[in-house]
$ cat target.pdb   # PDB, C-alpha atoms
ATOM      1  CA  MET A  17      21.629  -0.708  19.510
ATOM      2  CA  LYS A  18      18.515  -2.591  18.442
ATOM      3  CA  SER A  19      16.323  -0.714  20.910
ATOM      4  CA  SER A  20      17.669   2.656  19.753
ATOM      5  CA  ALA A  21      16.855   1.697  16.160
ATOM      6  CA  ILE A  22      13.312   0.789  17.222
ATOM      7  CA  LEU A  23      12.990   4.115  19.074
ATOM      8  CA  LEU A  24      14.241   5.987  16.018
ATOM      9  CA  ALA A  25      11.756   4.173  13.767
ATOM     10  CA  LEU A  26       8.994   4.935  16.258
ATOM     11  CA  ALA A  27      10.005   8.588  16.408
ATOM     12  CA  LEU A  28       9.984   8.821  12.622
ATOM     13  CA  ALA A  29       6.574   7.155  12.463
ATOM     14  CA  VAL A  30       5.179   9.548  15.060
ATOM     15  CA  HIS A  31       6.706  12.493  13.199
ATOM     16  CA  ALA A  32       5.123  11.298   9.967
ATOM     17  CA  GLN A  33       1.728  10.854  11.555
ATOM     18  CA  GLN A  34       1.973  14.191  13.472
ATOM     19  CA  VAL A  35      -1.522  13.770  14.877
ATOM     20  CA  LYS A  36      -2.744  10.696  16.700
ATOM     21  CA  LEU A  37      -6.334   9.701  16.152
ATOM     22  CA  ASN A  38      -7.127   7.784  19.287
ATOM     23  CA  PHE A  39     -10.814   6.914  19.511
ATOM     24  CA  ASP A  40     -10.615   3.567  21.280
ATOM     25  CA  ARG A  41     -13.588   4.541  23.427
ATOM     26  CA  LEU A  42     -15.834   4.888  20.378
ATOM     27  CA  GLU A  43     -14.762   1.811  18.474
ATOM     28  CA  GLY A  44     -16.950  -0.581  20.430
ATOM     29  CA  LYS A  45     -19.946   1.721  20.229
ATOM     30  CA  ALA A  46     -19.944   2.320  16.485
ATOM     31  CA  SER A  47     -22.335   0.512  14.175
ATOM     32  CA  ASP A  48     -19.922   1.072  11.279
ATOM     33  CA  MET A  49     -16.288   2.034  11.396
ATOM     34  CA  VAL A  50     -13.505   2.754   8.947
ATOM     35  CA  ASP A  51      -9.976   2.830  10.313
ATOM     36  CA  LEU A  52      -7.250   3.456   7.756
ATOM     37  CA  SER A  53      -3.573   4.043   8.448
ATOM     38  CA  LEU A  54      -1.560   4.416   5.282
ATOM     39  CA  ASN A  55       2.069   5.334   5.848
ATOM     40  CA  SER A  56       4.519   6.540   3.232
ATOM     41  CA  SER A  57       5.649   3.103   2.062
ATOM     42  CA  THR A  58       2.056   1.839   1.793
ATOM     43  CA  LEU A  59       1.121   4.920  -0.228
ATOM     44  CA  GLN A  60       4.059   4.432  -2.572
ATOM     45  CA  PHE A  61       3.201   0.763  -2.960
ATOM     46  CA  ALA A  62      -0.476   1.545  -3.606
ATOM     47  CA  ALA A  63       0.483   4.234  -6.123
ATOM     48  CA  ARG A  64       2.063   1.570  -8.335
ATOM     49  CA  PHE A  65      -1.359   0.000  -8.746
ATOM     50  CA  LEU A  66      -3.174   3.218  -9.618
ATOM     51  CA  ASP A  67      -4.351   3.476 -13.193
ATOM     52  CA  SER A  68      -3.363   6.779 -14.755
ATOM     53  CA  LYS A  69      -6.135   6.367 -17.333
ATOM     54  CA  ASP A  70      -8.807   6.432 -14.614
ATOM     55  CA  PRO A  71      -9.559  10.095 -13.793
ATOM     56  CA  ASP A  72     -10.142   9.416 -10.071
ATOM     57  CA  GLU A  73      -7.013   7.332  -9.694
ATOM     58  CA  ALA A  74      -4.910   9.753 -11.737
ATOM     59  CA  GLN A  75      -5.987  12.598  -9.448
ATOM     60  CA  VAL A  76      -5.164  10.565  -6.344
ATOM     61  CA  LYS A  77      -1.768   9.656  -7.779
ATOM     62  CA  LYS A  78      -0.998  13.331  -8.251
ATOM     63  CA  LEU A  79      -2.151  14.215  -4.752
ATOM     64  CA  ILE A  80      -0.156  11.586  -2.862
ATOM     65  CA  ALA A  81       3.160  12.465  -4.498
ATOM     66  CA  GLY A  82       4.503  14.340  -1.457
ATOM     67  CA  ILE A  83       2.333  12.812   1.233
ATOM     68  CA  GLU A  84       3.850  10.903   4.151
ATOM     69  CA  GLY A  85       0.690   9.359   5.481
ATOM     70  CA  ILE A  86      -3.092   9.335   5.403
ATOM     71  CA  TYR A  87      -4.986   8.423   8.564
ATOM     72  CA  VAL A  88      -8.750   8.097   8.635
ATOM     73  CA  LYS A  89     -11.161   7.236  11.424
ATOM     74  CA  SER A  90     -14.824   7.309  10.552
ATOM     75  CA  PHE A  91     -17.646   6.138  12.792
ATOM     76  CA  GLU A  92     -21.372   5.785  12.366
ATOM     77  CA  PHE A  93     -23.594   5.294  15.377
ATOM     78  CA  LYS A  94     -27.140   4.012  15.735
ATOM     79  CA  SER A  95     -28.008   6.658  18.302
ATOM     80  CA  GLU A  96     -27.074  10.252  18.983
ATOM     81  CA  GLY A  97     -24.770  11.486  21.711
ATOM     82  CA  VAL A  98     -22.203   8.721  21.561
ATOM     83  CA  TRP A  99     -19.287  10.947  20.704
ATOM     84  CA  THR A 100     -18.613  14.007  22.848
ATOM     85  CA  GLN A 101     -16.683  17.240  22.496
ATOM     86  CA  ALA A 102     -14.017  15.623  24.704
ATOM     87  CA  ASP A 103     -13.396  13.091  21.930
ATOM     88  CA  LEU A 104     -12.862  15.910  19.433
ATOM     89  CA  ASP A 105     -10.658  17.761  21.921
ATOM     90  CA  THR A 106      -8.168  14.867  21.898
ATOM     91  CA  VAL A 107      -7.532  15.808  18.267
ATOM     92  CA  ARG A 108      -7.939  19.580  18.587
ATOM     93  CA  ASN A 109      -5.414  19.719  21.451
ATOM     94  CA  GLN A 110      -2.772  18.329  19.135
ATOM     95  CA  LEU A 111      -3.425  21.105  16.620
ATOM     96  CA  LYS A 112      -2.646  24.037  18.884
ATOM     97  CA  GLY A 113       0.982  24.533  17.925
ATOM     98  CA  PRO A 114       2.072  27.672  16.100
ATOM     99  CA  GLU A 115       2.385  25.748  12.860
ATOM    100  CA  TRP A 116      -1.284  24.741  12.921
ATOM    101  CA  MET A 117      -4.051  27.028  11.754
ATOM    102  CA  ARG A 118      -7.790  26.425  11.666
ATOM    103  CA  MET A 119      -8.798  27.237   8.122
ATOM    104  CA  ILE A 120     -12.494  26.454   8.189
ATOM    105  CA  ARG A 121     -15.029  25.962  10.942
ATOM    106  CA  PHE A 122     -18.740  25.623  10.657
ATOM    107  CA  LYS A 123     -21.408  24.632  13.098
ATOM    108  CA  SER A 124     -25.020  24.042  12.189
ATOM    109  CA  ALA A 125     -27.460  24.339  15.067
ATOM    110  CA  GLU A 126     -30.202  23.166  12.760
ATOM    111  CA  ASP A 127     -28.894  19.682  11.992
ATOM    112  CA  GLY A 128     -26.236  19.468  14.704
ATOM    113  CA  GLU A 129     -23.398  19.161  12.229
ATOM    114  CA  ASN A 130     -20.048  20.758  12.741
ATOM    115  CA  ALA A 131     -16.754  20.600  10.952
ATOM    116  CA  GLU A 132     -13.271  22.008  11.100
ATOM    117  CA  VAL A 133     -10.321  21.993   8.765
ATOM    118  CA  PHE A 134      -6.850  22.569  10.228
ATOM    119  CA  VAL A 135      -3.798  23.220   8.120
ATOM    120  CA  ARG A 136      -0.171  22.815   9.152
ATOM    121  CA  ASN A 137       2.232  25.371   7.642
ATOM    122  CA  GLU A 138       6.004  25.110   7.556
ATOM    123  CA  GLY A 139       7.400  28.191   5.897
ATOM    124  CA  GLN A 140       5.427  28.600   2.725
ATOM    125  CA  LYS A 141       4.511  24.937   2.525
ATOM    126  CA  ILE A 142       1.472  23.118   3.768
ATOM    127  CA  THR A 143       2.765  20.013   5.505
ATOM    128  CA  GLY A 144      -0.400  18.596   6.963
ATOM    129  CA  ILE A 145      -4.149  18.860   7.006
ATOM    130  CA  THR A 146      -6.671  17.572   9.527
ATOM    131  CA  ILE A 147     -10.396  17.421   8.884
ATOM    132  CA  ILE A 148     -12.924  16.895  11.645
ATOM    133  CA  SER A 149     -16.468  16.330  10.482
ATOM    134  CA  ALA A 150     -19.147  15.469  12.997
ATOM    135  CA  ALA A 151     -22.891  14.932  12.913
ATOM    136  CA  PRO A 152     -25.126  13.594  15.698
ATOM    137  CA  LYS A 153     -24.699  10.002  14.521
ATOM    138  CA  GLN A 154     -21.458  10.302  12.664
ATOM    139  CA  LEU A 155     -17.854  11.288  13.272
ATOM    140  CA  THR A 156     -15.046  11.423  10.734
ATOM    141  CA  VAL A 157     -11.493  12.571  11.303
ATOM    142  CA  VAL A 158      -8.947  12.622   8.497
ATOM    143  CA  HIS A 159      -5.308  13.511   8.926
ATOM    144  CA  ILE A 160      -3.010  13.881   5.931
ATOM    145  CA  ALA A 161       0.663  14.246   6.822
ATOM    146  CA  GLY A 162       3.247  15.616   4.442
ATOM    147  CA  ALA A 163       3.364  18.122   1.639
ATOM    148  CA  VAL A 164      -0.258  18.556   0.627
ATOM    149  CA  ASP A 165      -1.006  20.152  -2.696
ATOM    150  CA  MET A 166      -4.182  22.090  -1.918
ATOM    151  CA  ASP A 167      -5.067  22.440  -5.592
ATOM    152  CA  SER A 168      -4.976  18.673  -6.042
ATOM    153  CA  LEU A 169      -6.943  18.265  -2.835
ATOM    154  CA  ALA A 170      -9.535  20.758  -4.016
ATOM    155  CA  ARG A 171      -9.829  18.927  -7.318
ATOM    156  CA  LEU A 172     -10.824  15.759  -5.452
ATOM    157  CA  SER A 173     -14.280  17.244  -5.089
ATOM    158  CA  GLY A 174     -14.762  16.828  -8.814
ATOM    159  CA  HIS A 175     -14.118  13.107  -8.478
ATOM    160  CA  PHE A 176     -15.669  10.053  -6.798
ATOM    161  CA  GLY A 177     -19.040  11.156  -8.086
ATOM    162  CA  LEU A 178     -18.935  14.333  -5.994
ATOM    163  CA  PRO A 179     -19.862  17.724  -7.412
ATOM    164  CA  LYS A 180     -16.931  19.999  -8.074
ATOM    165  CA  LEU A 181     -16.422  22.682  -5.446
ATOM    166  CA  GLU A 182     -13.652  25.197  -4.908
ATOM    167  CA  LEU A 183     -11.566  24.790  -1.755
ATOM    168  CA  THR A 184     -10.760  28.313  -0.750
ATOM    169  CA  PRO A 185     -10.423  29.726   2.741
ATOM    170  CA  PRO A 186     -13.301  31.890   3.919
ATOM    171  CA  PRO A 187     -12.756  35.622   3.433
ATOM    172  CA  LYS A 188     -11.165  37.354   6.425
ATOM    173  CA  PRO A 189     -13.504  39.729   8.214
ATOM    174  CA  LYS A 190     -12.823  43.311   7.284
ATOM    175  CA  LYS A 191     -11.528  45.526  10.058
ATOM    176  CA  ASP A 192     -13.313  48.853  10.359
TER     177      ASP A 192
ATOM    178  CA  MET B 251      41.288 -70.530 -57.970
ATOM    179  CA  ASP B 252      42.680 -67.124 -58.728
ATOM    180  CA  TRP B 253      44.919 -64.982 -56.545
ATOM    181  CA  LEU B 254      42.010 -62.996 -55.041
ATOM    182  CA  GLU B 255      40.318 -66.100 -53.751
ATOM    183  CA  GLN B 256      43.586 -67.199 -52.224
ATOM    184  CA  GLU B 257      44.031 -63.859 -50.477
ATOM    185  CA  LEU B 258      40.493 -63.915 -48.995
ATOM    186  CA  LYS B 259      40.852 -67.437 -47.673
ATOM    187  CA  GLN B 260      44.106 -66.454 -46.049
ATOM    188  CA  ALA B 261      42.609 -63.343 -44.447
ATOM    189  CA  LEU B 262      39.396 -64.940 -43.188
ATOM    190  CA  ARG B 263      40.776 -68.243 -42.006
ATOM    191  CA  ARG B 264      39.619 -69.528 -38.645
ATOM    192  CA  GLU B 265      42.076 -68.658 -35.911
ATOM    193  CA  ASP B 266      42.042 -69.618 -32.218
ATOM    194  CA  PRO B 267      42.198 -66.793 -29.676
ATOM    195  CA  SER B 268      45.422 -66.024 -27.968
ATOM    196  CA  PRO B 269      45.980 -67.617 -24.551
ATOM    197  CA  GLY B 270      44.227 -65.756 -21.695
ATOM    198  CA  PHE B 271      41.678 -64.101 -24.020
ATOM    199  CA  GLU B 272      38.680 -65.506 -22.108
ATOM    200  CA  ALA B 273      40.050 -64.289 -18.771
ATOM    201  CA  ARG B 274      40.672 -60.795 -20.152
ATOM    202  CA  VAL B 275      37.079 -60.562 -21.479
ATOM    203  CA  ALA B 276      35.638 -61.732 -18.152
ATOM    204  CA  ALA B 277      37.723 -59.159 -16.269
ATOM    205  CA  ALA B 278      36.602 -56.363 -18.604
ATOM    206  CA  VAL B 279      32.917 -57.241 -18.132
ATOM    207  CA  GLY B 280      33.258 -57.207 -14.337
ATOM    208  CA  ARG B 281      34.944 -53.782 -14.274
ATOM    209  CA  PRO B 282      32.795 -50.960 -12.830
ATOM    210  CA  ALA B 283      31.364 -48.535 -15.342
ATOM    211  CA  SER B 284      33.125 -45.212 -15.753
ATOM    212  CA  PRO B 285      31.351 -42.370 -13.899
ATOM    213  CA  ARG B 286      28.686 -40.430 -15.831
ATOM    214  CA  VAL B 287      29.438 -36.809 -16.308
ATOM    215  CA  ALA B 288      26.203 -34.890 -15.697
ATOM    216  CA  VAL B 289      23.705 -36.689 -13.509
ATOM    217  CA  MET B 290      20.562 -34.757 -12.502
ATOM    218  CA  PRO B 291      19.576 -35.429  -8.885
ATOM    219  CA  ARG B 292      16.129 -36.914  -8.486
ATOM    220  CA  TRP B 293      15.022 -34.080  -6.164
ATOM    221  CA  LEU B 294      15.934 -31.359  -8.649
ATOM    222  CA  PRO B 295      12.648 -31.318 -10.677
ATOM    223  CA  ALA B 296      10.624 -31.285  -7.450
ATOM    224  CA  ALA B 297      12.741 -28.455  -6.040
ATOM    225  CA  ALA B 298      12.411 -26.508  -9.293
ATOM    226  CA  ALA B 299       8.626 -26.980  -9.232
ATOM    227  CA  ILE B 300       8.460 -25.792  -5.614
ATOM    228  CA  ALA B 301      10.637 -22.767  -6.441
ATOM    229  CA  ILE B 302       8.395 -21.840  -9.397
ATOM    230  CA  ILE B 303       5.257 -22.209  -7.269
ATOM    231  CA  ALA B 304       6.830 -20.161  -4.453
ATOM    232  CA  VAL B 305       7.934 -17.363  -6.788
ATOM    233  CA  SER B 306       4.619 -17.174  -8.662
ATOM    234  CA  GLY B 307       2.684 -17.499  -5.394
ATOM    235  CA  GLY B 308       4.770 -14.702  -3.849
ATOM    236  CA  ALA B 309       4.168 -12.480  -6.862
ATOM    237  CA  ALA B 310       0.422 -13.156  -6.718
ATOM    238  CA  TYR B 311       0.360 -12.375  -2.991
ATOM    239  CA  ARG B 312       2.341  -9.178  -3.579
ATOM    240  CA  HIS B 313      -0.116  -8.162  -6.297
ATOM    241  CA  HIS B 314      -3.022  -8.874  -3.952
ATOM    242  CA  GLN B 315      -1.401  -6.701  -1.269
ATOM    243  CA  GLY B 316      -0.997  -3.911  -3.811
ATOM    244  CA  VAL B 317      -4.633  -4.085  -4.849
ATOM    245  CA  VAL B 318      -5.718  -4.002  -1.180
ATOM    246  CA  ALA B 319      -3.445  -0.991  -0.522
ATOM    247  CA  LYS B 320      -4.888   0.778  -3.556
ATOM    248  CA  GLU B 321      -8.458   0.104  -2.424
ATOM    249  CA  GLN B 322      -7.637   1.444   1.050
ATOM    250  CA  LEU B 323      -6.086   4.540  -0.476
ATOM    251  CA  MET B 324      -9.086   5.132  -2.725
ATOM    252  CA  LEU B 325     -11.421   4.695   0.243
ATOM    253  CA  ALA B 326      -9.370   7.173   2.288
ATOM    254  CA  MET B 327      -9.521   9.655  -0.572
ATOM    255  CA  ARG B 328     -13.244   9.094  -1.043
ATOM    256  CA  ILE B 329     -13.875   9.840   2.657
ATOM    257  CA  THR B 330     -11.575  12.879   2.529
ATOM    258  CA  ALA B 331     -13.210  14.213  -0.624
ATOM    259  CA  GLY B 332     -16.660  13.540   0.780
ATOM    260  CA  SER B 333     -15.859  15.369   4.026
ATOM    261  CA  LEU B 334     -14.343  18.351   2.235
ATOM    262  CA  ASN B 335     -17.227  18.479  -0.187
ATOM    263  CA  HIS B 336     -19.713  18.405   2.658
ATOM    264  CA  ILE B 337     -17.864  21.191   4.509
ATOM    265  CA  GLN B 338     -17.541  23.320   1.407
ATOM    266  CA  SER B 339     -21.191  23.015   0.530
ATOM    267  CA  HIS B 340     -22.116  24.099   4.086
ATOM    268  CA  VAL B 341     -19.688  27.019   3.946
ATOM    269  CA  LYS B 342     -21.102  28.118   0.596
ATOM    270  CA  GLU B 343     -24.634  27.905   1.917
ATOM    271  CA  SER B 344     -23.788  30.056   4.918
ATOM    272  CA  ARG B 345     -22.271  32.849   2.793
TER     273      ARG B 345
END
$ encode --input "target.pdb" --output "structure tokens"
Amino acid sequence: MKSSAILLALALAVHAQQVKLNFDRLEGKASDMVDLSLNSSTLQFAARFLDSKDPDEAQVKKLIAGIEGIYVKSFEFKSEGVWTQADLDTVRNQLKGPEWMRMIRFKSAEDGENAEVFVRNEGQKITGITIISAAPKQLTVVHIAGAVDMDSLARLSGHFGLPKLELTPPPKPKKD
Amino acid sequence: MDWLEQELKQALRREDPSPGFEARVAAAVGRPASPRVAVMPRWLPAAAAIAIIAVSGGAAYRHHQGVVAKEQLMLAMRITAGSLNHIQSHVKESR
């Protein structure tokens, strides 16, 4: 009985997280690391301490209303070539289901940066977003599980001292 | 001597106690005191103080946890916003 309850809780937690960010290999090699796992109850608890009068915090409060979890792994390395494509593939391979769609991808040969944004759709709703951002000495993966309001997410760029940008998918190539 | 003086002398005259009076007084003095109604246990103030400290300490710890959770959330959002901003600026440049 107890073990089945634990299994159920584990299954629910896995469902909420959707994507596992497992970068154990890189943790010991990073000069700086941020590892954040905020599940639904932590988000709700944190939301009680957000100040609605602060524009940044008010925007965050609005965004996390339907979110089940936010998971962040960010690494900085002293040298290049620590992370490999195989590390990114551990995340990408989890985003191959029919519900996942890659919304944005860019790769810069000039500075070696590349980034991808994956979106999880269920019906008409966006129920998850995963961001992979990599540079030669840096790797950041963010996974947001739950109902993500893209407008609120886009408006984040006008906060935290960041310039305001519009989050719109790139135009589809025209078929001749 | 008028009638009033006579009456007072009669009322206040010295009179010996009844037999057994001394024994009755001694017995009454030796009798245990009747139980007090509401006696506060000595440990009660200490327990109340501990309870107050525990409750206020718990509330302070809970508040601290909330502040930490909020800071983690804001950091997560800052990283997310920074990543999206970075991607968007690259995408805009490439258009």
$ resolve_selection --input "target.pdb" --expression "the PyMOL selection byres ((chain A and resi 68-71) around 12)" --output "list in words"
Ala63, Arg64, Phe65, Leu66, Asp67, Asp72, Glu73, Ala74, Gln75, Val76, Lys77, Lys78, Arg171, Leu172, Gly174, His175, Phe176 and Gly177 of chain A; Met324 of chain B
$ residues_near_point --input "target.pdb" --point "(3.5, 25.3, 8.2)" --cutoff "12 Å" --atoms "only C-alpha atoms" --output "MDAnalysis selection string"
chainID A and resid 111 113:118 134:145 161:164
$ closest_residue --input "target.pdb" --among "A:Lys94, A:Lys36, A:Lys89, A:Arg108" --to "chain B" --atoms "all atoms listed in the file"
A:Lys89
$ atom_distance --input "target.pdb" --atom1 "atom CA of Ser333 of chain B" --atom2 "atom CA of Ser57 of chain A"
24.8 Å
$ resolve_selection --input "target.pdb" --expression "the PyMOL selection byres ((chain A) within 7 of (chain B))" --output "PyMOL selection string"
chain A and resi 52+58+61-63+65-66+88+122+131+149+158+172-173+176+181+183
$ resolve_selection --input "target.pdb" --expression "the PyMOL selection byres ((chain A and resi 106) around 10)" --output "ChimeraX atom specification"
/A:35-39,101-105,107-111
$ atom_distance --input "target.pdb" --atom1 "atom CA of Arg41 of chain A" --atom2 "atom CA of Ile83 of chain A"
28.5 Å
$ decode --input "target.pdb" --residues "segment 266-297 of chain B" --atoms "N, CA and C atoms" --output "PDB file, in the first residue's frame"
ATOM      1  N   ASP B 266     -15.964  32.602  81.671  1.00  0.00           N
ATOM      2  CA  ASP B 266     -15.037  31.490  81.383  1.00  0.00           C
ATOM      3  C   ASP B 266     -15.549  30.690  80.194  1.00  0.00           C
ATOM      4  N   PRO B 267     -14.603  30.162  79.399  1.00  0.00           N
ATOM      5  CA  PRO B 267     -15.043  29.341  78.245  1.00  0.00           C
ATOM      6  C   PRO B 267     -15.724  28.069  78.707  1.00  0.00           C
ATOM      7  N   SER B 268     -16.468  27.527  77.759  1.00  0.00           N
ATOM      8  CA  SER B 268     -17.190  26.296  78.099  1.00  0.00           C
ATOM      9  C   SER B 268     -16.189  25.136  78.187  1.00  0.00           C
ATOM     10  N   PRO B 269     -16.494  24.095  78.894  1.00  0.00           N
ATOM     11  CA  PRO B 269     -15.540  22.983  79.002  1.00  0.00           C
ATOM     12  C   PRO B 269     -15.205  22.375  77.625  1.00  0.00           C
ATOM     13  N   GLY B 270     -13.914  22.078  77.415  1.00  0.00           N
ATOM     14  CA  GLY B 270     -13.497  21.463  76.138  1.00  0.00           C
ATOM     15  C   GLY B 270     -13.193  22.467  75.041  1.00  0.00           C
ATOM     16  N   PHE B 271     -13.305  23.788  75.388  1.00  0.00           N
ATOM     17  CA  PHE B 271     -13.051  24.821  74.357  1.00  0.00           C
ATOM     18  C   PHE B 271     -11.616  24.754  73.828  1.00  0.00           C
ATOM     19  N   GLU B 272     -10.651  24.602  74.747  1.00  0.00           N
ATOM     20  CA  GLU B 272      -9.235  24.585  74.376  1.00  0.00           C
ATOM     21  C   GLU B 272      -8.937  23.393  73.440  1.00  0.00           C
ATOM     22  N   ALA B 273      -9.530  22.260  73.759  1.00  0.00           N
ATOM     23  CA  ALA B 273      -9.298  21.069  72.917  1.00  0.00           C
ATOM     24  C   ALA B 273      -9.880  21.254  71.523  1.00  0.00           C
ATOM     25  N   ARG B 274     -11.044  21.903  71.450  1.00  0.00           N
ATOM     26  CA  ARG B 274     -11.687  22.122  70.143  1.00  0.00           C
ATOM     27  C   ARG B 274     -10.845  23.075  69.270  1.00  0.00           C
ATOM     28  N   VAL B 275     -10.272  24.113  69.906  1.00  0.00           N
ATOM     29  CA  VAL B 275      -9.428  25.066  69.167  1.00  0.00           C
ATOM     30  C   VAL B 275      -8.179  24.371  68.641  1.00  0.00           C
ATOM     31  N   ALA B 276      -7.561  23.544  69.520  1.00  0.00           N
ATOM     32  CA  ALA B 276      -6.335  22.842  69.113  1.00  0.00           C
ATOM     33  C   ALA B 276      -6.611  21.891  67.944  1.00  0.00           C
ATOM     34  N   ALA B 277      -7.767  21.231  67.996  1.00  0.00           N
ATOM     35  CA  ALA B 277      -8.124  20.295  66.916  1.00  0.00           C
ATOM     36  C   ALA B 277      -8.353  21.033  65.601  1.00  0.00           C
ATOM     37  N   ALA B 278      -8.986  22.218  65.707  1.00  0.00           N
ATOM     38  CA  ALA B 278      -9.264  23.007  64.491  1.00  0.00           C
ATOM     39  C   ALA B 278      -7.972  23.500  63.854  1.00  0.00           C
ATOM     40  N   VAL B 279      -7.002  23.887  64.658  1.00  0.00           N
ATOM     41  CA  VAL B 279      -5.721  24.385  64.132  1.00  0.00           C
ATOM     42  C   VAL B 279      -4.956  23.266  63.420  1.00  0.00           C
ATOM     43  N   GLY B 280      -5.043  22.064  63.965  1.00  0.00           N
ATOM     44  CA  GLY B 280      -4.310  20.928  63.375  1.00  0.00           C
ATOM     45  C   GLY B 280      -4.955  20.341  62.151  1.00  0.00           C
ATOM     46  N   ARG B 281      -6.167  20.749  61.811  1.00  0.00           N
ATOM     47  CA  ARG B 281      -6.897  20.197  60.663  1.00  0.00           C
ATOM     48  C   ARG B 281      -6.231  20.620  59.343  1.00  0.00           C
ATOM     49  N   PRO B 282      -6.118  19.734  58.381  1.00  0.00           N
ATOM     50  CA  PRO B 282      -5.509  20.143  57.094  1.00  0.00           C
ATOM     51  C   PRO B 282      -6.348  21.192  56.381  1.00  0.00           C
ATOM     52  N   ALA B 283      -5.658  22.059  55.667  1.00  0.00           N
ATOM     53  CA  ALA B 283      -6.341  23.144  54.963  1.00  0.00           C
ATOM     54  C   ALA B 283      -7.199  22.579  53.829  1.00  0.00           C
ATOM     55  N   SER B 284      -8.290  23.235  53.559  1.00  0.00           N
ATOM     56  CA  SER B 284      -9.163  22.783  52.471  1.00  0.00           C
ATOM     57  C   SER B 284      -8.437  22.995  51.130  1.00  0.00           C
ATOM     58  N   PRO B 285      -8.657  22.091  50.166  1.00  0.00           N
ATOM     59  CA  PRO B 285      -7.906  22.189  48.904  1.00  0.00           C
ATOM     60  C   PRO B 285      -8.210  23.488  48.153  1.00  0.00           C
ATOM     61  N   ARG B 286      -7.105  24.049  47.532  1.00  0.00           N
ATOM     62  CA  ARG B 286      -7.293  25.277  46.739  1.00  0.00           C
ATOM     63  C   ARG B 286      -7.936  24.906  45.403  1.00  0.00           C
ATOM     64  N   VAL B 287      -8.645  25.807  44.882  1.00  0.00           N
ATOM     65  CA  VAL B 287      -9.428  25.487  43.689  1.00  0.00           C
ATOM     66  C   VAL B 287      -8.566  25.491  42.429  1.00  0.00           C
ATOM     67  N   ALA B 288      -7.965  26.575  42.076  1.00  0.00           N
ATOM     68  CA  ALA B 288      -7.201  26.653  40.824  1.00  0.00           C
ATOM     69  C   ALA B 288      -5.728  26.874  41.142  1.00  0.00           C
ATOM     70  N   VAL B 289      -4.964  25.805  41.021  1.00  0.00           N
ATOM     71  CA  VAL B 289      -3.528  25.910  41.296  1.00  0.00           C
ATOM     72  C   VAL B 289      -2.786  25.761  39.975  1.00  0.00           C
ATOM     73  N   MET B 290      -1.953  26.746  39.614  1.00  0.00           N
ATOM     74  CA  MET B 290      -1.203  26.688  38.360  1.00  0.00           C
ATOM     75  C   MET B 290       0.057  25.848  38.569  1.00  0.00           C
ATOM     76  N   PRO B 291       0.249  24.804  37.757  1.00  0.00           N
ATOM     77  CA  PRO B 291       1.468  24.009  37.913  1.00  0.00           C
ATOM     78  C   PRO B 291       2.701  24.867  37.633  1.00  0.00           C
ATOM     79  N   ARG B 292       3.771  24.509  38.341  1.00  0.00           N
ATOM     80  CA  ARG B 292       5.002  25.304  38.204  1.00  0.00           C
ATOM     81  C   ARG B 292       5.562  25.253  36.789  1.00  0.00           C
ATOM     82  N   TRP B 293       5.328  24.132  36.071  1.00  0.00           N
ATOM     83  CA  TRP B 293       5.926  23.973  34.737  1.00  0.00           C
ATOM     84  C   TRP B 293       5.146  24.731  33.661  1.00  0.00           C
ATOM     85  N   LEU B 294       3.937  25.203  34.036  1.00  0.00           N
ATOM     86  CA  LEU B 294       3.084  25.802  33.009  1.00  0.00           C
ATOM     87  C   LEU B 294       3.693  27.056  32.357  1.00  0.00           C
ATOM     88  N   PRO B 295       4.246  28.014  33.113  1.00  0.00           N
ATOM     89  CA  PRO B 295       4.847  29.193  32.452  1.00  0.00           C
ATOM     90  C   PRO B 295       5.993  28.800  31.516  1.00  0.00           C
ATOM     91  N   ALA B 296       6.811  27.834  31.970  1.00  0.00           N
ATOM     92  CA  ALA B 296       7.937  27.401  31.130  1.00  0.00           C
ATOM     93  C   ALA B 296       7.425  26.766  29.841  1.00  0.00           C
ATOM     94  N   ALA B 297       6.388  25.923  29.981  1.00  0.00           N
ATOM     95  CA  ALA B 297       5.818  25.260  28.805  1.00  0.00           C
ATOM     96  C   ALA B 297       5.211  26.287  27.855  1.00  0.00           C
TER      97      ALA B 297
END
